[in-house]
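Next comes work22.txt, with compact mmCIF, C-alpha atoms.
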```
# COMPACT_ATOMS: atom_id res chain seq x y z
CA MET A 210 0.00 0.00 0.00
CA ALA A 211 1.33 3.40 -0.96
CA ALA A 212 1.40 6.36 1.40
CA GLY A 213 -0.30 9.37 -0.04
CA GLY A 214 -3.11 11.81 0.11
CA PHE A 215 -5.21 14.22 -1.86
CA CYS A 216 -6.39 17.80 -1.89
CA LYS A 217 -9.66 19.01 -3.38
CA LEU A 218 -9.31 22.29 -5.26
CA PRO A 219 -11.93 25.09 -5.35
CA ASN A 220 -12.90 24.21 -8.94
CA GLY A 221 -13.84 20.65 -7.88
CA THR A 222 -10.80 18.84 -9.25
CA VAL A 223 -8.31 17.00 -7.04
CA VAL A 224 -4.55 16.64 -6.78
CA VAL A 225 -3.46 13.19 -5.59
CA ALA A 226 0.05 12.57 -4.22
CA LEU A 227 1.45 9.05 -3.82
CA ASN A 228 4.77 7.74 -2.50
CA LEU A 229 5.58 4.63 -4.51
CA PRO A 230 8.55 2.29 -4.68
CA SER A 231 10.75 3.12 -7.64
CA PRO A 232 10.02 0.96 -10.69
CA ALA A 233 13.73 0.97 -11.61
CA ALA A 234 15.56 -2.00 -10.12
CA ASP A 235 18.78 -0.09 -9.46
CA ALA A 236 17.13 2.90 -7.76
CA PRO A 237 17.17 2.64 -3.95
CA ALA A 238 14.68 5.42 -3.22
CA GLY A 239 10.99 5.61 -3.95
CA VAL A 240 9.24 8.24 -6.01
CA ARG A 241 6.56 10.82 -5.25
CA VAL A 242 3.93 10.98 -7.98
CA LEU A 243 1.43 13.83 -8.38
CA ILE A 244 -1.73 13.51 -10.45
CA HIS A 245 -4.27 16.21 -11.33
CA ALA A 246 -7.69 14.80 -12.25
CA GLN A 247 -11.44 15.31 -11.96
CA ASN A 248 -11.67 13.00 -8.92
CA ARG A 249 -9.58 10.48 -6.95
CA ALA A 250 -10.82 7.49 -8.94
CA ARG A 251 -9.80 9.07 -12.25
CA ALA A 252 -6.39 9.99 -10.84
CA LEU A 253 -5.71 6.36 -9.91
CA THR A 254 -7.07 5.21 -13.27
CA ARG A 255 -4.52 7.44 -15.03
CA LEU A 256 -1.72 5.60 -13.19
CA ARG A 257 -3.23 2.19 -13.84
CA ASN A 258 -3.48 2.96 -17.55
CA LEU A 259 0.30 3.56 -17.52
CA GLY A 260 0.95 0.08 -16.12
CA LEU A 261 0.99 0.75 -12.37
CA ARG A 262 -1.82 -1.69 -11.63
CA ALA A 263 -1.51 -2.18 -7.87
CA VAL A 264 -1.84 1.47 -6.82
CA TYR A 265 -4.39 2.31 -4.15
CA LEU A 266 -5.01 5.37 -1.99
CA ARG A 267 -6.09 4.63 1.55
CA GLY A 268 -6.48 7.64 3.79
CA ASN A 269 -4.92 11.05 3.59
CA THR A 270 -1.64 10.61 5.49
CA ALA A 271 0.64 12.45 3.03
CA PRO A 272 -1.39 15.08 1.15
CA PRO A 273 0.29 17.26 -1.46
CA THR A 274 1.94 20.45 -0.26
CA PRO A 275 1.00 23.83 -1.78
CA ASP A 276 4.26 23.79 -3.78
CA GLU A 277 3.44 20.35 -5.17
CA ILE A 278 -0.06 21.46 -6.12
CA THR A 279 1.36 24.45 -7.99
CA ALA A 280 3.86 22.23 -9.81
CA VAL A 281 1.27 19.73 -11.07
CA LEU A 282 -1.21 22.45 -12.06
CA HIS A 283 1.40 24.16 -14.21
CA HIS A 284 2.47 20.97 -16.00
CA PRO A 285 0.63 20.30 -19.28
CA ASP A 286 0.17 16.56 -18.59
CA GLY A 287 -0.92 16.97 -14.97
CA LEU A 288 1.12 13.88 -14.04
CA ILE A 289 4.63 14.38 -12.63
CA TRP A 290 7.16 12.66 -10.33
CA ARG A 291 10.44 13.09 -8.48
CA THR A 292 12.46 11.14 -5.94
CA ALA A 293 10.59 10.83 -2.66
CA PRO A 294 12.01 12.92 0.19
CA ALA A 295 14.06 10.89 2.67
CA GLY A 296 13.62 11.67 6.34
CA GLY A 297 11.44 14.71 5.72
CA LEU A 298 14.17 16.55 3.80
CA LEU A 299 13.10 18.33 0.65
CA PRO A 300 14.92 17.07 -2.45
CA LEU A 301 16.73 19.52 -4.69
CA GLU A 302 15.45 17.67 -7.73
CA LEU A 303 13.05 19.19 -10.25
CA TRP A 304 9.78 17.52 -11.23
CA HIS A 305 9.82 15.17 -14.23
CA PRO A 306 7.03 14.17 -16.62
CA ILE A 307 5.73 10.66 -15.99
CA ARG A 308 6.99 9.38 -19.36
CA ALA A 309 10.55 9.85 -18.06
CA LEU A 310 9.79 7.29 -15.32
CA ILE A 311 7.77 4.76 -17.27
CA LYS A 312 9.40 3.98 -20.57
CA ARG A 313 7.46 1.78 -22.89
CA PRO A 314 9.44 -0.77 -24.92
CA ALA A 315 9.84 0.15 -28.58
CA ALA A 316 7.54 -1.74 -30.91
CA SER A 317 9.49 -3.93 -33.29
CA ALA A 318 8.35 -3.65 -36.87
```

Would you write the structure of this file as C-alpha cells?
Amino acid sequence: MAAGGFCKLPNGTVVVALNLPSPAADAPAGVRVLIHAQNRARALTRLRNLGLRAVYLRGNTAPPTPDEITAVLHHPDGLIWRTAPAGGLLPLELWHPIRALIKRPAASA
C-alpha cells in the first residue's frame, strides 16, 4: 500500500500525491507521484493505464503540499514525479514528466 493523500481544489478537481517504490531495479529510493484529475478514482485510473496496476489510496496521510499542487497544475500533462524525500528533507530535484519514469518498450516492426 502506498502512502499518499489528496487535496480538493476550489474548482472541484483533485490533486493526488502518492509515495511509490521506484520501478527501476537499481534505484534505492521511492518516487513521489502527483496527479491532477477530476476526482480520486480518475487519478488512480490514469496511473493504472500507464501500467501501475496495484496502486491504491487509503487515507490522507501524506497530502500534497502547496508547492506540489502548484507544480502539477502548471504541468501540461498533470502527471509528474520526483524522488521521494528521505527523512522529511526536501529534495533539490526538479519535477519530471511521468513518461521519463515509465518507458514503454519500442515496438518492433

Which polymer residues, protein or nucleic acid, are no farther than 12 Å from (-7.0, 16.7, -9.6), counting all atoms listed in the file, as a ChimeraX atom specification?
/A:214-226,243-253,255,273,277-279,281-282,286-288

Dump of C-alpha atoms for the selected residues, as a CSV table (one decimal), in the frame of the given file:
```csv
chain,number,residue,atom,x,y,z
A,214,GLY,CA,-3.1,11.8,0.1
A,215,PHE,CA,-5.2,14.2,-1.9
A,216,CYS,CA,-6.4,17.8,-1.9
A,217,LYS,CA,-9.7,19.0,-3.4
A,218,LEU,CA,-9.3,22.3,-5.3
A,219,PRO,CA,-11.9,25.1,-5.4
A,220,ASN,CA,-12.9,24.2,-8.9
A,221,GLY,CA,-13.8,20.6,-7.9
A,222,THR,CA,-10.8,18.8,-9.2
A,223,VAL,CA,-8.3,17.0,-7.0
A,224,VAL,CA,-4.6,16.6,-6.8
A,225,VAL,CA,-3.5,13.2,-5.6
A,226,ALA,CA,0.0,12.6,-4.2
A,243,LEU,CA,1.4,13.8,-8.4
A,244,ILE,CA,-1.7,13.5,-10.4
A,245,HIS,CA,-4.3,16.2,-11.3
A,246,ALA,CA,-7.7,14.8,-12.2
A,247,GLN,CA,-11.4,15.3,-12.0
A,248,ASN,CA,-11.7,13.0,-8.9
A,249,ARG,CA,-9.6,10.5,-7.0
A,250,ALA,CA,-10.8,7.5,-8.9
A,251,ARG,CA,-9.8,9.1,-12.2
A,252,ALA,CA,-6.4,10.0,-10.8
A,253,LEU,CA,-5.7,6.4,-9.9
A,255,ARG,CA,-4.5,7.4,-15.0
A,273,PRO,CA,0.3,17.3,-1.5
A,277,GLU,CA,3.4,20.4,-5.2
A,278,ILE,CA,-0.1,21.5,-6.1
A,279,THR,CA,1.4,24.4,-8.0
A,281,VAL,CA,1.3,19.7,-11.1
A,282,LEU,CA,-1.2,22.4,-12.1
A,286,ASP,CA,0.2,16.6,-18.6
A,287,GLY,CA,-0.9,17.0,-15.0
A,288,LEU,CA,1.1,13.9,-14.0
```

Could you check how far CA of Pro285 (chain A) sits from CA of Ile307 (chain A), in Å to one decimal?
11.4 Å

Let me make sure I understand: among A:Leu303, A:Leu259, A:Ala309, A:Ala238, which one has the smallest atom-to-atom distance to Ala280 (chain A) if we use only C-alpha atoms?
A:Leu303

I want to know what sits within 8 Å of Ala293 (chain A), based on all atoms listed in the file, with residues of the same chain fewer than 5 positions away left out; could you give that as number ranges by chain?
A: 228, 238-241, 300

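As for CA of Leu261 (chain A) and CA of Leu301 (chain A), they are spaced 25.7 Å apart.
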
Computed interatomic separation between CA of Val242 (chain A) and CA of Leu227 (chain A) (Å)
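Taking CA of Val242 (chain A) and CA of Leu227 (chain A), their separation equals 5.2 Å.
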